[in-house]
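Chemist: Got a structure for you, model_2.csv, holding CSV, C-alpha atoms.
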chain,number,residue,atom,x,y,z
A,145,ALA,CA,5.9,50.3,150.2
A,146,ASP,CA,4.7,52.6,147.4
A,147,ILE,CA,7.9,52.1,145.4
A,148,GLU,CA,7.6,48.3,145.6
A,149,LYS,CA,3.9,48.5,144.5
A,150,MET,CA,5.1,50.3,141.4
A,151,THR,CA,8.1,48.1,140.6
A,152,GLY,CA,6.7,44.8,141.9
A,153,ALA,CA,9.9,43.9,143.8
A,154,PRO,CA,12.4,45.2,146.3
A,155,THR,CA,14.1,48.1,144.7
A,156,ARG,CA,17.4,50.0,144.9
A,157,ILE,CA,17.7,53.6,143.6
A,158,THR,CA,20.7,55.9,143.2
A,159,TRP,CA,21.0,59.6,142.4
A,160,LEU,CA,23.3,62.7,142.8
A,161,ARG,CA,22.8,65.4,145.4
A,162,GLY,CA,24.7,68.7,145.5
A,163,ILE,CA,26.5,69.8,148.6
A,164,ASN,CA,24.1,71.5,151.0
A,165,ASN,CA,21.4,70.4,148.5
A,166,GLU,CA,22.8,72.8,145.9
A,167,GLY,CA,23.6,71.8,142.4
A,168,GLY,CA,23.7,72.9,138.8
A,169,PHE,CA,21.9,71.9,135.6
A,170,ASN,CA,24.5,69.5,134.3
A,171,PRO,CA,27.3,67.7,136.2
A,172,PHE,CA,29.4,67.7,133.0
A,173,TRP,CA,29.7,71.4,132.8
A,174,ASP,CA,28.9,73.1,136.1
A,175,ALA,CA,31.3,73.8,139.0
A,176,TYR,CA,29.4,72.0,141.7
A,177,GLN,CA,30.4,68.9,143.5
A,178,TYR,CA,27.9,66.1,144.0
A,179,LYS,CA,27.6,63.1,146.4
A,180,ILE,CA,26.0,59.8,145.5
A,181,MET,CA,22.9,59.0,147.4
A,182,VAL,CA,21.1,55.6,147.5
A,183,PHE,CA,17.8,54.2,148.7
A,184,ASP,CA,16.9,50.6,149.3
A,185,THR,CA,13.2,49.7,150.0
A,186,LYS,CA,14.5,47.0,152.4
A,187,GLU,CA,16.4,49.6,154.4
A,188,GLY,CA,13.6,52.2,154.2
A,189,LYS,CA,15.8,55.3,154.2
A,190,GLU,CA,18.2,57.1,152.0
A,191,ARG,CA,21.9,57.3,152.8
A,192,GLU,CA,25.1,58.8,151.4
A,193,LEU,CA,27.2,56.2,149.4
A,194,VAL,CA,30.1,58.4,148.1
A,195,PRO,CA,31.2,61.7,149.6
A,196,ALA,CA,31.0,64.9,147.5
A,197,ALA,CA,33.4,65.2,144.6
A,198,LYS,CA,33.3,66.1,140.9
A,199,ILE,CA,31.3,63.0,139.9
A,200,ALA,CA,28.3,62.2,137.6
A,201,TRP,CA,25.8,59.6,136.5
A,202,PRO,CA,25.9,56.7,139.0
A,203,ARG,CA,24.8,53.4,137.5
A,204,ILE,CA,23.6,50.4,139.6
A,205,THR,CA,24.9,47.1,138.3
A,206,PRO,CA,22.3,44.6,137.2
A,207,ASP,CA,22.7,42.5,140.3
A,208,GLY,CA,22.2,45.5,142.5
A,209,ARG,CA,25.4,45.0,144.4
A,210,LYS,CA,27.6,47.8,143.1
A,211,VAL,CA,27.4,51.3,141.6
A,212,LEU,CA,29.6,52.6,138.8
A,213,TYR,CA,30.2,56.3,138.4
A,214,SER,CA,32.5,58.8,136.6
A,215,LYS,CA,34.9,60.9,138.6
A,216,SER,CA,36.7,63.9,137.2
A,217,LYS,CA,40.5,64.4,137.4
A,218,LYS,CA,40.2,68.1,136.4
A,219,ALA,CA,38.0,71.1,137.1
A,220,GLU,CA,35.2,69.9,134.7
A,221,LEU,CA,34.1,66.4,134.2
A,222,LYS,CA,34.1,66.7,130.5
A,223,ASP,CA,37.9,67.3,130.4
A,224,ASP,CA,39.2,64.0,131.9
A,225,SER,CA,37.7,61.3,134.1
A,226,ASP,CA,37.9,57.8,135.4
A,227,VAL,CA,35.2,55.2,136.1
A,228,TRP,CA,35.0,54.1,139.7
A,229,ILE,CA,33.0,51.2,141.3
A,230,VAL,CA,31.7,51.1,144.8
A,231,ASP,CA,30.0,48.3,146.7
A,232,TRP,CA,26.4,48.9,147.8
A,233,ASP,CA,27.4,49.0,151.4
A,234,GLY,CA,30.2,51.6,150.6
A,235,GLN,CA,33.0,49.4,152.1
A,236,THR,CA,35.0,49.1,148.8
A,237,ASN,CA,35.3,52.1,146.5
A,238,LYS,CA,38.0,51.7,143.8
A,239,PHE,CA,39.2,52.7,140.3
A,240,PHE,CA,37.6,50.6,137.6
A,241,ALA,CA,38.7,51.9,134.2
A,242,PRO,CA,39.7,55.1,132.4
A,243,GLY,CA,36.9,57.1,130.7
A,244,TYR,CA,33.2,57.8,131.1
A,245,ALA,CA,30.6,55.3,132.3
A,246,TYR,CA,27.7,55.2,129.8
A,247,ALA,CA,25.6,52.1,130.8
A,248,VAL,CA,25.6,48.8,132.5
A,249,TYR,CA,24.2,45.5,131.1
A,250,ARG,CA,24.0,41.8,131.9
A,251,ASP,CA,24.3,39.3,129.0
A,252,PRO,CA,21.2,37.0,129.3
A,253,GLU,CA,23.2,34.0,128.1
A,254,THR,CA,26.5,34.2,129.8
A,255,LYS,CA,25.2,36.1,132.8
A,256,PHE,CA,28.3,38.3,132.7
A,257,GLN,CA,27.7,41.9,133.7
A,258,TRP,CA,29.3,44.6,131.5
A,259,ALA,CA,30.0,48.3,131.7
A,260,TYR,CA,29.9,50.4,128.5
A,261,ILE,CA,32.6,53.1,128.8
A,262,GLY,CA,33.7,55.8,126.3
A,263,GLU,CA,37.2,57.1,126.2
A,264,LYS,CA,36.2,60.7,126.7
A,265,PHE,CA,33.2,63.0,126.8
A,266,LEU,CA,32.6,63.1,123.1
A,267,CYS,CA,33.9,59.8,122.0
A,268,LYS,CA,34.2,58.0,118.7
A,269,SER,CA,34.3,54.5,120.1
A,270,LEU,CA,32.8,52.6,123.0
A,271,LYS,CA,34.3,49.7,124.9
A,272,ARG,CA,32.7,47.3,127.3
A,273,TYR,CA,34.4,45.9,130.4
A,274,ARG,CA,33.4,42.9,132.4
A,275,ILE,CA,32.3,44.2,135.8
A,276,ASP,CA,33.7,41.2,137.7
A,277,LYS,CA,37.0,41.3,135.8
A,278,PRO,CA,37.7,44.7,134.2
A,279,SER,CA,40.9,43.4,132.7
A,280,VAL,CA,38.6,41.7,130.2
A,281,SER,CA,37.3,44.3,127.7
A,282,GLU,CA,36.3,44.5,124.0
A,283,VAL,CA,35.3,47.2,121.5
A,284,ALA,CA,31.6,47.5,121.5
A,285,PHE,CA,31.6,49.5,118.3
A,286,GLY,CA,33.7,52.1,116.6
A,287,THR,CA,31.8,53.6,113.7
A,288,ALA,CA,29.4,56.0,115.4
A,289,LYS,CA,30.7,59.6,116.0
A,290,ASN,CA,30.0,62.2,118.6
A,291,LEU,CA,28.5,60.1,121.3
A,292,THR,CA,27.7,61.9,124.5
A,293,MET,CA,28.1,60.2,127.8
A,294,GLN,CA,25.0,61.7,129.2
A,295,GLU,CA,22.6,59.0,128.2
A,296,LEU,CA,22.8,55.4,126.8
A,297,HIS,CA,20.7,52.5,127.8
A,298,VAL,CA,20.5,49.0,126.2
A,299,THR,CA,17.8,46.4,125.8
A,300,ARG,CA,18.0,43.1,127.7
A,301,ASP,CA,19.4,41.2,124.7
A,302,GLY,CA,22.1,43.9,124.2
A,303,LYS,CA,21.2,44.4,120.6
A,304,THR,CA,19.6,47.8,120.7
A,305,GLY,CA,20.6,51.0,122.5
A,306,PHE,CA,18.8,54.4,122.9
A,307,GLY,CA,20.8,57.5,123.7
A,308,LEU,CA,21.9,61.0,122.8
A,309,PHE,CA,24.1,61.1,119.7
A,310,PRO,CA,24.9,63.9,120.4
A,311,HIS,CA,22.8,65.9,122.9
A,312,PRO,CA,20.0,66.8,122.4
A,313,LYS,CA,19.3,64.4,119.5
A,314,ALA,CA,17.9,61.0,120.7
A,315,CYS,CA,18.5,58.0,118.4
A,316,MET,CA,18.1,54.3,118.5
A,317,MET,CA,21.4,52.3,117.9
A,318,ASN,CA,22.2,48.9,116.5
A,319,MET,CA,24.6,47.9,119.2
A,320,THR,CA,26.0,45.0,117.1
A,321,LYS,CA,26.9,47.1,114.1
A,322,GLY,CA,27.3,50.5,115.8
A,323,GLU,CA,24.8,52.1,113.4
A,324,LEU,CA,22.5,54.9,114.4
A,325,GLY,CA,18.9,55.4,113.3
A,326,PRO,CA,17.4,58.8,112.5
A,327,PRO,CA,16.8,61.3,115.4
A,328,GLN,CA,13.5,60.6,117.0
A,329,ALA,CA,13.3,63.6,119.3
A,330,GLU,CA,15.3,66.2,121.1
A,331,GLY,CA,15.8,66.4,124.9
A,332,CYS,CA,17.5,64.5,127.7
A,333,ASN,CA,17.1,62.1,130.6
A,334,LEU,CA,16.0,59.3,128.4
A,335,SER,CA,15.7,55.5,128.9
A,336,ILE,CA,14.6,52.3,127.3
A,337,ALA,CA,12.6,49.5,128.9
A,338,PRO,CA,15.0,46.8,130.4
A,339,ASP,CA,13.4,44.1,128.3
A,340,ASN,CA,13.2,43.6,124.5
A,341,SER,CA,9.9,45.5,123.9
A,342,LEU,CA,11.8,48.6,122.6
A,343,LEU,CA,9.5,50.9,124.6
A,344,HIS,CA,11.5,54.1,125.2
A,345,TRP,CA,11.1,57.6,126.4
A,346,ILE,CA,12.7,61.0,126.6
A,347,MET,CA,12.2,64.2,128.6
A,348,ASP,CA,11.9,67.4,126.5
A,349,GLY,CA,14.1,70.4,126.8
A,350,SER,CA,11.8,72.2,129.3
A,351,HIS,CA,11.9,69.2,131.7
A,352,ARG,CA,8.1,69.3,131.9
A,353,THR,CA,7.0,66.6,129.4
A,354,VAL,CA,8.0,63.0,128.8
A,355,HIS,CA,7.6,61.6,125.3
A,356,VAL,CA,7.1,57.8,125.1
A,357,PHE,CA,7.7,55.7,121.9
A,358,ASN,CA,7.0,52.1,120.9
Reformat the file's structure so that it appears as structure tokens.

Modeler:
Amino acid sequence: ADIEKMTGAPTRITWLRGINNEGGFNPFWDAYQYKIMVFDTKEGKERELVPAAKIAWPRITPDGRKVLYSKSKKAELKDDSDVWIVDWDGQTNKFFAPGYAYAVYRDPETKFQWAYIGEKFLCKSLKRYRIDKPSVSEVAFGTAKNLTMQELHVTRDGKTGFGLFPHPKACMMNMTKGELGPPQAEGCNLSIAPDNSLLHWIMDGSHRTVHVFN
């Protein structure tokens, strides 16, 4: 009830939890395995969606029906990974595309949902795949260098992104041209409002303060 008062609607949430509630500082680099947890205000309780593995950064699709996540094929997630997709009920969990999942987005005109995926941990290009038909993909941009998978979020119209390029430098991005703006702050765990207001925020390195920008 408290969550719905804050969001104004039924809400779904996903996060990572280490085995036996243990975990490290960063799923990219540490040796821990994580499971994907979810919570639905309509269900009223948390539950495990994906068993523990070397995984990171689950992203709920805009329609709330699926979760995308990156799964390592080696000891460390930064070395090599694939993107997997799982239904909210956990019944179907399958390979989606090679690479790292950065962000999900729904085109306001076509209503197609897209996943932004980099070919590796520090990538020089970014592709977007149609979530309902991953065989359909296109280059999102290819001019920016040293992207990090850790954070990328886009506005509702898909024209502006906010992310770490690379960590810990947070920059705005012109998603159409693939051009970066100057660094605005340093930190992690950032986001941008899911509208076109360009309101965005980032947590500082101490993980004690959130900086908000308009």

Chemist: Need to verify the contact set: Tyr260 (chain A), 6 Å, only C-alpha atoms, exclusion of same-chain residues closer than 5 positions in sequence. Can you return it as a list of chain:residue names?

Modeler: A:Tyr246, A:Ala247, A:Lys271, A:Arg272

Chemist: Taking only C-alpha atoms into account, name the residue in A:Gln177, A:Thr353, A:Thr185, A:Ser214 that is nearest to Gly152 (chain A).

Modeler: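 Of all the options, A:Thr185 lies closest to Gly152 (chain A).
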
Chemist: Quick one: distance from CA of Val280 (chain A) to CA of Ile336 (chain A) in Å, one decimal?

Modeler: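 CA of Val280 (chain A) sits 26.4 Å away from CA of Ile336 (chain A).
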
Chemist: Give me, as a ChimeraX atom specification, all polymer residues having an atom no more than 7 Å from Lys198 (chain A), counting all atoms listed in the file and skipping those fewer than 5 positions away in the same chain.

Modeler: /A:177-178,215-216,221

Chemist: Output C-alpha atoms of each residue in that selection to a file, as a tab-separated table (two decimals), keeping the file's coordinate frame.

Modeler:
chain	number	residue	atom	x	y	z
A	177	GLN	CA	30.40	68.90	143.50
A	178	TYR	CA	27.90	66.10	144.00
A	215	LYS	CA	34.90	60.90	138.60
A	216	SER	CA	36.70	63.90	137.20
A	221	LEU	CA	34.10	66.40	134.20

Chemist: Can you tell me which residues surround Trp159 (chain A) at a distance of at most 7 Å, considering all atoms listed in the file, apart from same-chain residues fewer than 4 positions away, and format the answer as an NGL selection string?

Modeler: :A and (180-182 or 202)

Chemist: From the options A:Trp228, A:Trp201, A:Phe256, A:Tyr244, which residue's atoms come nearest to Lys277 (chain A), counting all atoms listed in the file?

Modeler: A:Phe256

Chemist: What is the CA of Ala196 (chain A)-CA of Lys210 (chain A) distance in Å, reported with one decimal?

Modeler: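 Spanning CA of Ala196 (chain A) to CA of Lys210 (chain A) is a straight-line distance of 18.0 Å.
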
Chemist: Rounded to one decimal, what separation in Å do you get between CA of Thr236 (chain A) and CA of Arg209 (chain A)?

Modeler: 11.3 Å

Chemist: Find the residues near Glu190 (chain A): any atom within 12 Å, counting all atoms listed in the file, skip ones fewer than 2 places away on the same chain, and give them as a list in words.

Modeler: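 So the residues in contact are Arg156, Ile157, Thr158, Trp159, Leu160, Arg161, Ile180, Met181, Val182, Phe183, Asp184, Thr185, Lys186, Glu187, Gly188, Glu192 and Leu193 of chain A.
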
Chemist: At a cut-off of 10 Å from (21.6, 60.1, 121.1) in the coordinates of the file, what residues are picked up using only C-alpha atoms, written as a ChimeraX atom specification?

Modeler: /A:290-296,305-317,324-332,334

Chemist: Could you write out that same residue set with C-alpha atoms as a tab-separated table (two decimals), in the coordinates of the input?

Modeler:
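Wrote it out as selection-v5.tsv, contents follow:
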chain	number	residue	atom	x	y	z
A	290	ASN	CA	30.00	62.20	118.60
A	291	LEU	CA	28.50	60.10	121.30
A	292	THR	CA	27.70	61.90	124.50
A	293	MET	CA	28.10	60.20	127.80
A	294	GLN	CA	25.00	61.70	129.20
A	295	GLU	CA	22.60	59.00	128.20
A	296	LEU	CA	22.80	55.40	126.80
A	305	GLY	CA	20.60	51.00	122.50
A	306	PHE	CA	18.80	54.40	122.90
A	307	GLY	CA	20.80	57.50	123.70
A	308	LEU	CA	21.90	61.00	122.80
A	309	PHE	CA	24.10	61.10	119.70
A	310	PRO	CA	24.90	63.90	120.40
A	311	HIS	CA	22.80	65.90	122.90
A	312	PRO	CA	20.00	66.80	122.40
A	313	LYS	CA	19.30	64.40	119.50
A	314	ALA	CA	17.90	61.00	120.70
A	315	CYS	CA	18.50	58.00	118.40
A	316	MET	CA	18.10	54.30	118.50
A	317	MET	CA	21.40	52.30	117.90
A	324	LEU	CA	22.50	54.90	114.40
A	325	GLY	CA	18.90	55.40	113.30
A	326	PRO	CA	17.40	58.80	112.50
A	327	PRO	CA	16.80	61.30	115.40
A	328	GLN	CA	13.50	60.60	117.00
A	329	ALA	CA	13.30	63.60	119.30
A	330	GLU	CA	15.30	66.20	121.10
A	331	GLY	CA	15.80	66.40	124.90
A	332	CYS	CA	17.50	64.50	127.70
A	334	LEU	CA	16.00	59.30	128.40

Chemist: From the options A:Met319, A:Val354, A:Ile147, A:Val298, which residue's atoms come nearest to Leu342 (chain A), counting only C-alpha atoms?

Modeler: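 Residue with the minimum atom-to-atom distance to Leu342 (chain A): A:Val298.
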
Chemist: Ranking A:Val194, A:Ile346, A:Ala200, A:Cys267 by minimum distance to Asp233 (chain A) and counting all atoms listed in the file, which one comes first?

Modeler: A:Val194

Chemist: Pick from A:Ala197, A:Asp339, A:Gly262, A:Phe285: nearest to Tyr249 (chain A), with all atoms listed in the file counted?

Modeler: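 Among the listed residues, the smallest separation from Tyr249 (chain A) belongs to A:Asp339.
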
Chemist: Could region 319-343 of chain A be completed with N, CA, C and O atoms and returned as a compact mmCIF listing (two decimals), in the frame of the given file?

Modeler:
# COMPACT_ATOMS: atom_id res chain seq x y z
N MET A 319 23.46 48.04 118.40
CA MET A 319 24.60 47.90 119.20
C MET A 319 25.62 46.86 118.63
O MET A 319 26.79 46.84 118.99
N THR A 320 25.15 46.02 117.74
CA THR A 320 26.00 45.00 117.10
C THR A 320 26.87 45.66 116.03
O THR A 320 28.08 45.42 115.94
N LYS A 321 26.25 46.53 115.23
CA LYS A 321 26.90 47.10 114.10
C LYS A 321 27.44 48.54 114.40
O LYS A 321 28.24 49.09 113.63
N GLY A 322 26.95 49.15 115.48
CA GLY A 322 27.30 50.50 115.80
C GLY A 322 26.71 51.51 114.83
O GLY A 322 27.28 52.57 114.55
N GLU A 323 25.50 51.20 114.34
CA GLU A 323 24.80 52.10 113.40
C GLU A 323 23.68 52.81 114.07
O GLU A 323 22.90 52.22 114.83
N LEU A 324 23.58 54.10 113.77
CA LEU A 324 22.50 54.90 114.40
C LEU A 324 21.32 55.02 113.45
O LEU A 324 21.44 55.09 112.23
N GLY A 325 20.14 55.05 114.06
CA GLY A 325 18.90 55.40 113.30
C GLY A 325 18.72 56.86 113.27
O GLY A 325 19.49 57.62 113.86
N PRO A 326 17.70 57.33 112.58
CA PRO A 326 17.40 58.80 112.50
C PRO A 326 17.02 59.33 113.84
O PRO A 326 16.46 58.61 114.67
N PRO A 327 17.27 60.63 114.10
CA PRO A 327 16.80 61.30 115.40
C PRO A 327 15.32 61.12 115.55
O PRO A 327 14.55 61.33 114.61
N GLN A 328 14.91 60.73 116.74
CA GLN A 328 13.50 60.60 117.00
C GLN A 328 12.90 61.76 117.77
O GLN A 328 11.71 62.02 117.69
N ALA A 329 13.74 62.43 118.55
CA ALA A 329 13.30 63.60 119.30
C ALA A 329 14.49 64.31 119.85
O ALA A 329 15.63 63.87 119.67
N GLU A 330 14.25 65.44 120.51
CA GLU A 330 15.30 66.20 121.10
C GLU A 330 14.98 66.36 122.62
O GLU A 330 13.83 66.61 122.98
N GLY A 331 15.99 66.22 123.47
CA GLY A 331 15.80 66.40 124.90
C GLY A 331 16.88 65.73 125.68
O GLY A 331 18.04 65.72 125.25
N CYS A 332 16.55 65.17 126.85
CA CYS A 332 17.50 64.50 127.70
C CYS A 332 16.84 63.60 128.68
O CYS A 332 15.62 63.41 128.60
N ASN A 333 17.61 63.00 129.59
CA ASN A 333 17.10 62.10 130.60
C ASN A 333 16.16 61.05 129.99
O ASN A 333 15.00 60.90 130.33
N LEU A 334 16.74 60.29 129.08
CA LEU A 334 16.00 59.30 128.40
C LEU A 334 16.27 57.88 128.93
O LEU A 334 17.18 57.69 129.73
N SER A 335 15.51 56.90 128.47
CA SER A 335 15.70 55.50 128.90
C SER A 335 15.00 54.59 127.91
O SER A 335 14.20 55.04 127.09
N ILE A 336 15.29 53.30 128.04
CA ILE A 336 14.60 52.30 127.30
C ILE A 336 14.24 51.15 128.22
O ILE A 336 14.97 50.87 129.17
N ALA A 337 13.10 50.52 127.99
CA ALA A 337 12.60 49.50 128.90
C ALA A 337 13.69 48.35 128.99
O ALA A 337 14.28 47.97 127.99
N PRO A 338 13.92 47.82 130.20
CA PRO A 338 15.00 46.80 130.40
C PRO A 338 14.51 45.40 129.96
O PRO A 338 14.80 44.40 130.61
N ASP A 339 13.77 45.35 128.88
CA ASP A 339 13.40 44.10 128.30
C ASP A 339 13.67 44.22 126.78
O ASP A 339 14.53 44.99 126.39
N ASN A 340 12.97 43.51 125.95
CA ASN A 340 13.20 43.60 124.50
C ASN A 340 11.97 44.21 123.78
O ASN A 340 11.79 44.00 122.58
N SER A 341 11.14 44.95 124.52
CA SER A 341 9.90 45.50 123.90
C SER A 341 10.22 46.76 123.08
O SER A 341 9.38 47.18 122.28
N LEU A 342 11.40 47.37 123.26
CA LEU A 342 11.80 48.60 122.60
C LEU A 342 10.98 49.82 122.99
O LEU A 342 11.06 50.87 122.35
N LEU A 343 10.20 49.71 124.05
CA LEU A 343 9.50 50.90 124.60
C LEU A 343 10.55 51.83 125.16
O LEU A 343 11.41 51.43 125.95
